[in-house]
Every structure is written in C-alpha cells, then in structure tokens.
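Trainee: Handing over start_21.cif, mmCIF, C-alpha atoms and all ligand atoms.
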```
data_input
loop_
_atom_site.label_atom_id
_atom_site.label_comp_id
_atom_site.auth_asym_id
_atom_site.auth_seq_id
_atom_site.Cartn_x
_atom_site.Cartn_y
_atom_site.Cartn_z
CA MET A 854 -5.29 -11.17 -5.23
CA SER A 855 -7.12 -13.57 -7.45
CA THR A 856 -5.98 -17.13 -7.85
CA GLU A 857 -3.95 -17.82 -10.93
CA ASN A 858 -6.42 -19.92 -12.87
CA SER A 859 -9.69 -18.29 -11.98
CA ILE A 860 -11.81 -17.25 -14.92
CA PRO A 861 -13.35 -13.82 -14.66
CA ILE A 862 -16.99 -13.00 -15.14
CA TYR A 863 -18.16 -10.80 -17.98
CA ILE A 864 -19.97 -7.73 -16.69
CA GLU A 865 -20.46 -5.24 -19.51
CA HIS A 866 -19.12 -3.57 -22.62
CA ILE A 867 -18.13 0.07 -22.63
CA PRO A 868 -18.39 1.79 -26.01
CA SER A 869 -15.32 3.53 -27.33
CA ARG A 870 -14.99 7.26 -26.91
CA ARG A 871 -13.49 7.31 -30.39
CA ALA A 872 -15.65 6.92 -33.46
CA LYS A 873 -13.95 3.77 -34.76
CA GLY A 874 -12.74 2.15 -31.56
CA TYR A 875 -14.01 -1.16 -30.28
CA GLY A 876 -14.32 0.00 -26.71
CA ALA A 877 -13.52 -2.04 -23.65
CA TYR A 878 -15.03 -4.67 -21.42
CA ILE A 879 -15.48 -4.77 -17.68
CA LEU A 880 -14.70 -8.13 -16.13
CA LYS A 881 -15.00 -9.14 -12.50
CA ASP A 882 -12.73 -11.66 -10.85
CA GLY A 883 -13.45 -12.28 -7.21
CA ALA A 884 -13.62 -8.86 -5.58
CA ARG A 885 -11.76 -6.99 -8.29
CA TYR A 886 -12.98 -5.30 -11.43
CA ASP A 887 -10.83 -4.94 -14.51
CA LYS A 888 -11.12 -2.89 -17.64
CA ILE A 889 -10.03 -4.99 -20.58
CA ALA A 890 -9.28 -3.43 -23.93
CA VAL A 891 -10.02 -4.97 -27.32
CA LYS A 892 -6.77 -5.95 -29.02
CA SER A 893 -8.22 -7.50 -32.12
CA LEU A 894 -11.37 -8.94 -33.51
CA SER A 895 -11.57 -12.17 -35.45
CA SER A 896 -14.56 -13.80 -37.04
CA ALA A 897 -15.01 -16.07 -34.04
CA SER A 898 -13.74 -14.16 -31.06
CA VAL A 899 -12.90 -10.85 -29.48
CA ASN A 900 -9.32 -10.83 -28.25
CA LEU A 901 -8.73 -8.76 -25.19
CA ALA A 902 -5.82 -7.53 -23.11
CA CYS A 903 -5.69 -5.70 -19.81
CA SER A 904 -6.11 -1.96 -20.26
CA LYS A 905 -3.09 -1.57 -17.97
CA ARG A 906 -0.84 -3.57 -20.30
CA HIS A 907 1.20 -0.47 -21.13
CA THR A 908 1.01 1.50 -17.91
CA HIS A 909 1.60 -1.47 -15.57
CA LYS A 910 3.06 -4.02 -18.00
CA CYS A 911 0.19 -6.32 -17.12
CA ARG A 912 0.22 -9.49 -19.26
CA PHE A 913 -3.36 -10.57 -18.73
CA ARG A 914 -5.10 -11.66 -21.95
CA ILE A 915 -8.38 -13.34 -22.59
CA ASN A 916 -10.66 -14.20 -25.49
CA LEU A 917 -14.38 -13.84 -25.71
CA LYS A 918 -15.55 -16.62 -27.98
CA ILE A 919 -18.58 -15.44 -29.91
CA VAL A 920 -21.56 -17.77 -29.49
CA ASN A 921 -24.31 -16.60 -31.76
CA ASN A 922 -24.27 -13.03 -33.03
CA PHE A 923 -21.08 -12.36 -34.99
CA ASN A 924 -21.91 -8.83 -36.06
CA PHE A 925 -19.90 -6.49 -33.83
CA GLY A 926 -21.91 -3.45 -32.94
CA SER A 927 -25.27 -4.98 -33.71
CA VAL A 928 -27.95 -5.15 -31.06
CA GLY A 929 -27.25 -8.00 -28.69
CA PHE A 930 -23.64 -8.52 -29.73
CA HIS A 931 -22.35 -7.41 -26.35
CA ASP A 932 -24.90 -9.33 -24.38
CA PRO A 933 -23.13 -11.65 -21.90
CA SER A 934 -25.00 -14.61 -23.39
CA ASN A 935 -23.20 -14.02 -26.70
CA PHE A 936 -19.78 -14.86 -25.26
CA MET A 937 -17.89 -17.72 -23.74
CA ILE A 938 -14.83 -16.62 -21.83
CA LYS A 939 -11.68 -18.46 -22.82
CA PRO A 940 -8.27 -17.77 -21.38
CA SER A 941 -5.97 -17.38 -24.36
CA LYS A 942 -2.85 -19.45 -24.91
CA ASP A 943 -0.59 -16.74 -23.64
CA PHE A 944 -2.96 -16.12 -20.76
CA GLY A 945 -1.24 -14.54 -17.83
CA SER A 946 -2.74 -13.49 -14.56
CA HIS A 947 -2.99 -9.81 -13.78
CA SER A 948 0.09 -8.18 -12.39
CA CYS A 949 -1.89 -4.97 -11.98
CA GLU A 950 -4.19 -4.33 -9.07
CA GLY A 951 -7.54 -3.95 -10.73
CA TYR A 952 -10.31 -1.70 -9.47
CA LEU A 953 -12.28 -1.88 -6.28
CA THR A 954 -15.58 -0.77 -7.77
CA ILE A 955 -17.25 -1.01 -11.11
CA ASP A 956 -17.43 2.77 -11.34
CA GLU A 957 -13.68 3.09 -10.99
CA ALA A 958 -13.24 0.61 -13.81
CA ARG A 959 -15.79 2.38 -16.01
CA LEU A 960 -14.12 5.75 -15.55
CA ALA A 961 -10.58 4.48 -15.97
ZN ZN A 1001 -4.20 -6.28 -15.47
#
```
Show this structure as structure tokens.

Mentor:
Amino acid sequence: MSTENSIPIYIEHIPSRRAKGYGAYILKDGARYDKIAVKSLSSASVNLACSKRHTHKCRFRINLKIVNNFNFGSVGFHDPSNFMIKPSKDFGSHSCEGYLTIDEARLA
C-alpha cells in the first residue's frame, strides 16, 4: 500500500479508444501503477479520477496542472514536462489495489 500523502509520478497518456474521448493516464506510486481517467478538462488543468471509481468505488482524484501547452491533443501536450501533479481538494488515497505492471494498467 502507498502512504496516504504520497504524490504519484506521471508516466504516460493513453489515447482514448473512442473518437472523442480524452483517454487516460498511467501514474506510478511506489510499486503500483494506476490507470486514471479524465473526468474533465479546464483551461488550466486536467482533472482525473481513478479508472476504478465505479467498479471499486475508489475515491482517488488528482489534477494535472498544465504548465505550458494548453492545447489538448496537440504535439507535446501529454509530455510529462507539461504537467505539475496536484492532489485535488477532495483528494483521497486509492482504495483499489492498482496494477503490478505498466502493461496491466495499459490494457485495463
Ligand atoms: Zn484507485
């Protein structure tokens, strides 16, 4: 289990399988990988929630504060250097178990 206040590391963005979806992000926290879905997009941040929020009632939420490139979908937008990770106000730690490998998270 991760400690309650640890801040995960951004690994990569996974494009949506649907034409208009925002896709998901893979984050790593200690030994675990998590797939985090885009809940909403604002002009300054991407607001994310655990992809297991429905299936496991996980309350984990986090915001990616956009640093430089504000054009979602443009080249470089999803580069890790374009984000600062900020736990959101209703930040909760994961109650789900996460994934052991990055491939599991990608395929989830
Ligand atoms: Zn979770």

Trainee: Which distance in Å separates atom CA of Ile879 of chain A and atom CA of Ile867 of chain A, to one decimal?

Mentor: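 Between these atoms lies a distance of 7.4 Å.
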
Trainee: Hey, which bits of segment 898-952 of chain A sit within 12 Å of segment 883-894 of chain A, and for each residue what's the closest pair of atoms and how far apart in Å (one decimal), counting all atoms listed in the file, rows by chain and increasing number, as CSV?

Mentor:
```
residue,atom,partner,partner_atom,distance
A:Ser898,CA,A:Leu894,CA,6.2
A:Val899,CA,A:Leu894,CA,4.7
A:Asn900,CA,A:Ser893,CA,5.2
A:Leu901,CA,A:Val891,CA,4.5
A:Ala902,CA,A:Ala890,CA,5.4
A:Cys903,CA,A:Ile889,CA,4.5
A:Ser904,CA,A:Ile889,CA,5.0
A:Lys905,CA,A:Lys888,CA,8.1
A:Arg906,CA,A:Ala890,CA,9.2
A:His907,CA,A:Ala890,CA,11.2
A:Cys911,CA,A:Ile889,CA,10.9
A:Arg912,CA,A:Ile889,CA,11.3
A:Phe913,CA,A:Ile889,CA,8.9
A:Arg914,CA,A:Ile889,CA,8.4
A:Ile915,CA,A:Ile889,CA,8.7
A:Asn916,CA,A:Val891,CA,9.4
A:Leu917,CA,A:Leu894,CA,9.7
A:Lys918,CA,A:Leu894,CA,10.3
A:Ile919,CA,A:Leu894,CA,10.4
A:Phe923,CA,A:Leu894,CA,10.4
A:Asn924,CA,A:Leu894,CA,10.8
A:Phe925,CA,A:Leu894,CA,8.9
A:Gly926,CA,A:Leu894,CA,11.9
A:Ser946,CA,A:Asp887,CA,11.8
A:His947,CA,A:Asp887,CA,9.3
A:Ser948,CA,A:Asp887,CA,11.6
A:Cys949,CA,A:Asp887,CA,9.3
A:Glu950,CA,A:Arg885,CA,8.1
A:Gly951,CA,A:Asp887,CA,5.1
A:Tyr952,CA,A:Tyr886,CA,4.9
```

Trainee: So, counting only C-alpha atoms, which residue among A:Lys873, A:His909, A:Lys939, A:Arg959 is closest to Pro861 of chain A?

Mentor: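 Using only C-alpha atoms, Pro861 of chain A sits closest to A:Lys939.
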
Trainee: For the atom pair atom CA of Asp882 of chain A and atom CA of Ile860 of chain A, what is the interatomic distance in Å to one decimal place?

Mentor: 7.0 Å

Trainee: Which polymer residues have any atom within 12 Å of an atom of Gly929 of chain A, counting all atoms listed in the file, with same-chain residues fewer than 5 positions away left out, as a PDB file with C-alpha atoms, in the coordinates of the input?

Mentor:
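To be explicit, this is the file written out as part-v1.pdb:
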```pdb
ATOM      1  CA  GLU A 865     -20.460  -5.240 -19.510  1.00  0.00           C
ATOM      2  CA  HIS A 866     -19.120  -3.570 -22.620  1.00  0.00           C
ATOM      3  CA  ILE A 919     -18.580 -15.440 -29.910  1.00  0.00           C
ATOM      4  CA  VAL A 920     -21.560 -17.770 -29.490  1.00  0.00           C
ATOM      5  CA  ASN A 921     -24.310 -16.600 -31.760  1.00  0.00           C
ATOM      6  CA  ASN A 922     -24.270 -13.030 -33.030  1.00  0.00           C
ATOM      7  CA  PHE A 923     -21.080 -12.360 -34.990  1.00  0.00           C
ATOM      8  CA  ASN A 924     -21.910  -8.830 -36.060  1.00  0.00           C
ATOM      9  CA  SER A 934     -25.000 -14.610 -23.390  1.00  0.00           C
ATOM     10  CA  ASN A 935     -23.200 -14.020 -26.700  1.00  0.00           C
ATOM     11  CA  PHE A 936     -19.780 -14.860 -25.260  1.00  0.00           C
TER      12      PHE A 936
END
```

Trainee: Figure out the distance between atom CA of Tyr878 of chain A and atom CA of Met937 of chain A, please, to one decimal in Å.

Mentor: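 Answer for the atom CA of Met937 of chain A to atom CA of Tyr878 of chain A separation: 13.6 Å.
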
Trainee: Show me that you can extract segment 871-916 of chain A, keeping N, CA and C atoms, and write it as a CSV table (one decimal), in the first residue's frame.

Mentor:
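Written file, part30.csv:
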```csv
chain,number,residue,atom,x,y,z
A,871,ARG,N,-12.2,5.7,-28.1
A,871,ARG,CA,-13.3,6.3,-28.7
A,871,ARG,C,-12.8,7.6,-29.4
A,872,ALA,N,-13.6,8.0,-30.4
A,872,ALA,CA,-13.1,9.1,-31.3
A,872,ALA,C,-13.0,10.4,-30.5
A,873,LYS,N,-13.9,10.6,-29.6
A,873,LYS,CA,-14.0,11.9,-28.9
A,873,LYS,C,-13.5,11.9,-27.4
A,874,GLY,N,-13.1,10.7,-27.0
A,874,GLY,CA,-12.7,10.6,-25.6
A,874,GLY,C,-11.3,11.3,-25.3
A,875,TYR,N,-11.1,11.5,-24.0
A,875,TYR,CA,-9.8,12.2,-23.6
A,875,TYR,C,-8.7,11.2,-23.3
A,876,GLY,N,-9.1,9.9,-23.2
A,876,GLY,CA,-8.1,8.9,-22.9
A,876,GLY,C,-7.9,8.8,-21.4
A,877,ALA,N,-6.8,8.2,-21.0
A,877,ALA,CA,-6.4,8.0,-19.6
A,877,ALA,C,-5.0,8.2,-19.4
A,878,TYR,N,-4.6,8.3,-18.2
A,878,TYR,CA,-3.2,8.5,-17.8
A,878,TYR,C,-2.7,7.3,-16.9
A,879,ILE,N,-1.5,7.0,-17.1
A,879,ILE,CA,-0.9,6.0,-16.2
A,879,ILE,C,0.0,6.7,-15.2
A,880,LEU,N,-0.3,6.5,-14.0
A,880,LEU,CA,0.6,7.1,-12.9
A,880,LEU,C,1.2,5.9,-12.1
A,881,LYS,N,2.3,6.2,-11.5
A,881,LYS,CA,3.0,5.2,-10.7
A,881,LYS,C,3.2,5.8,-9.3
A,882,ASP,N,2.9,5.0,-8.3
A,882,ASP,CA,3.0,5.5,-6.9
A,882,ASP,C,3.7,4.3,-6.2
A,883,GLY,N,5.0,4.5,-5.9
A,883,GLY,CA,5.7,3.4,-5.3
A,883,GLY,C,5.8,2.3,-6.2
A,884,ALA,N,5.3,1.1,-5.9
A,884,ALA,CA,5.4,-0.1,-6.7
A,884,ALA,C,4.2,-0.3,-7.6
A,885,ARG,N,3.2,0.5,-7.3
A,885,ARG,CA,1.9,0.3,-8.1
A,885,ARG,C,1.7,1.2,-9.2
A,886,TYR,N,1.1,0.7,-10.2
A,886,TYR,CA,0.6,1.5,-11.4
A,886,TYR,C,-0.9,1.7,-11.3
A,887,ASP,N,-1.3,2.9,-11.7
A,887,ASP,CA,-2.8,3.1,-11.8
A,887,ASP,C,-3.1,3.7,-13.1
A,888,LYS,N,-4.3,3.4,-13.5
A,888,LYS,CA,-4.9,4.0,-14.7
A,888,LYS,C,-5.9,5.0,-14.3
A,889,ILE,N,-5.7,6.2,-14.7
A,889,ILE,CA,-6.5,7.3,-14.2
A,889,ILE,C,-7.3,8.0,-15.3
A,890,ALA,N,-8.6,8.0,-15.2
A,890,ALA,CA,-9.4,8.5,-16.3
A,890,ALA,C,-9.6,10.0,-16.2
A,891,VAL,N,-9.8,10.7,-17.4
A,891,VAL,CA,-10.0,12.1,-17.4
A,891,VAL,C,-11.5,12.3,-17.0
A,892,LYS,N,-11.7,13.1,-16.0
A,892,LYS,CA,-13.1,13.5,-15.6
A,892,LYS,C,-13.5,14.7,-16.3
A,893,SER,N,-12.7,15.7,-16.3
A,893,SER,CA,-13.0,16.9,-17.0
A,893,SER,C,-11.7,17.7,-17.3
A,894,LEU,N,-11.9,18.6,-18.2
A,894,LEU,CA,-10.8,19.4,-18.7
A,894,LEU,C,-11.1,20.9,-18.5
A,895,SER,N,-10.2,21.6,-17.8
A,895,SER,CA,-10.5,23.0,-17.7
A,895,SER,C,-9.4,23.7,-18.5
A,896,SER,N,-9.4,25.0,-18.5
A,896,SER,CA,-8.4,25.8,-19.3
A,896,SER,C,-7.0,25.6,-18.7
A,897,ALA,N,-6.9,25.3,-17.4
A,897,ALA,CA,-5.7,25.3,-16.7
A,897,ALA,C,-5.2,23.9,-16.2
A,898,SER,N,-6.2,22.9,-16.2
A,898,SER,CA,-5.8,21.6,-15.7
A,898,SER,C,-6.6,20.5,-16.3
A,899,VAL,N,-6.1,19.3,-16.1
A,899,VAL,CA,-6.8,18.1,-16.5
A,899,VAL,C,-7.2,17.4,-15.2
A,900,ASN,N,-8.5,17.2,-15.0
A,900,ASN,CA,-8.9,16.7,-13.7
A,900,ASN,C,-9.2,15.2,-13.9
A,901,LEU,N,-8.6,14.4,-13.0
A,901,LEU,CA,-8.6,13.0,-13.2
A,901,LEU,C,-9.2,12.3,-12.0
A,902,ALA,N,-9.7,11.1,-12.3
A,902,ALA,CA,-10.2,10.2,-11.2
A,902,ALA,C,-9.8,8.8,-11.5
A,903,CYS,N,-9.6,8.0,-10.5
A,903,CYS,CA,-9.2,6.6,-10.7
A,903,CYS,C,-10.2,5.9,-11.6
A,904,SER,N,-9.6,5.1,-12.6
A,904,SER,CA,-10.5,4.4,-13.5
A,904,SER,C,-11.3,3.3,-12.8
A,905,LYS,N,-11.0,3.0,-11.6
A,905,LYS,CA,-11.8,2.1,-10.8
A,905,LYS,C,-12.8,2.7,-9.9
A,906,ARG,N,-13.1,4.0,-10.2
A,906,ARG,CA,-14.0,4.7,-9.3
A,906,ARG,C,-15.4,4.1,-9.3
A,907,HIS,N,-15.8,3.5,-10.4
A,907,HIS,CA,-17.1,2.9,-10.4
A,907,HIS,C,-17.0,1.4,-9.9
A,908,THR,N,-16.1,0.7,-10.5
A,908,THR,CA,-16.0,-0.7,-10.2
A,908,THR,C,-15.6,-1.0,-8.8
A,909,HIS,N,-14.7,-0.2,-8.2
A,909,HIS,CA,-14.2,-0.4,-6.9
A,909,HIS,C,-14.5,0.7,-5.9
A,910,LYS,N,-15.3,1.7,-6.3
A,910,LYS,CA,-15.7,2.8,-5.5
A,910,LYS,C,-14.4,3.5,-5.0
A,911,CYS,N,-13.4,3.6,-5.8
A,911,CYS,CA,-12.2,4.2,-5.4
A,911,CYS,C,-12.4,5.7,-5.5
A,912,ARG,N,-11.9,6.5,-4.5
A,912,ARG,CA,-12.2,7.9,-4.4
A,912,ARG,C,-11.0,8.8,-4.8
A,913,PHE,N,-9.9,8.1,-5.3
A,913,PHE,CA,-8.7,8.8,-5.7
A,913,PHE,C,-9.0,9.9,-6.8
A,914,ARG,N,-8.5,11.1,-6.6
A,914,ARG,CA,-8.7,12.1,-7.6
A,914,ARG,C,-7.4,12.9,-7.6
A,915,ILE,N,-7.0,13.5,-8.8
A,915,ILE,CA,-5.8,14.3,-8.9
A,915,ILE,C,-6.0,15.2,-10.0
A,916,ASN,N,-5.3,16.3,-10.0
A,916,ASN,CA,-5.3,17.3,-11.1
A,916,ASN,C,-3.9,17.3,-11.7
```
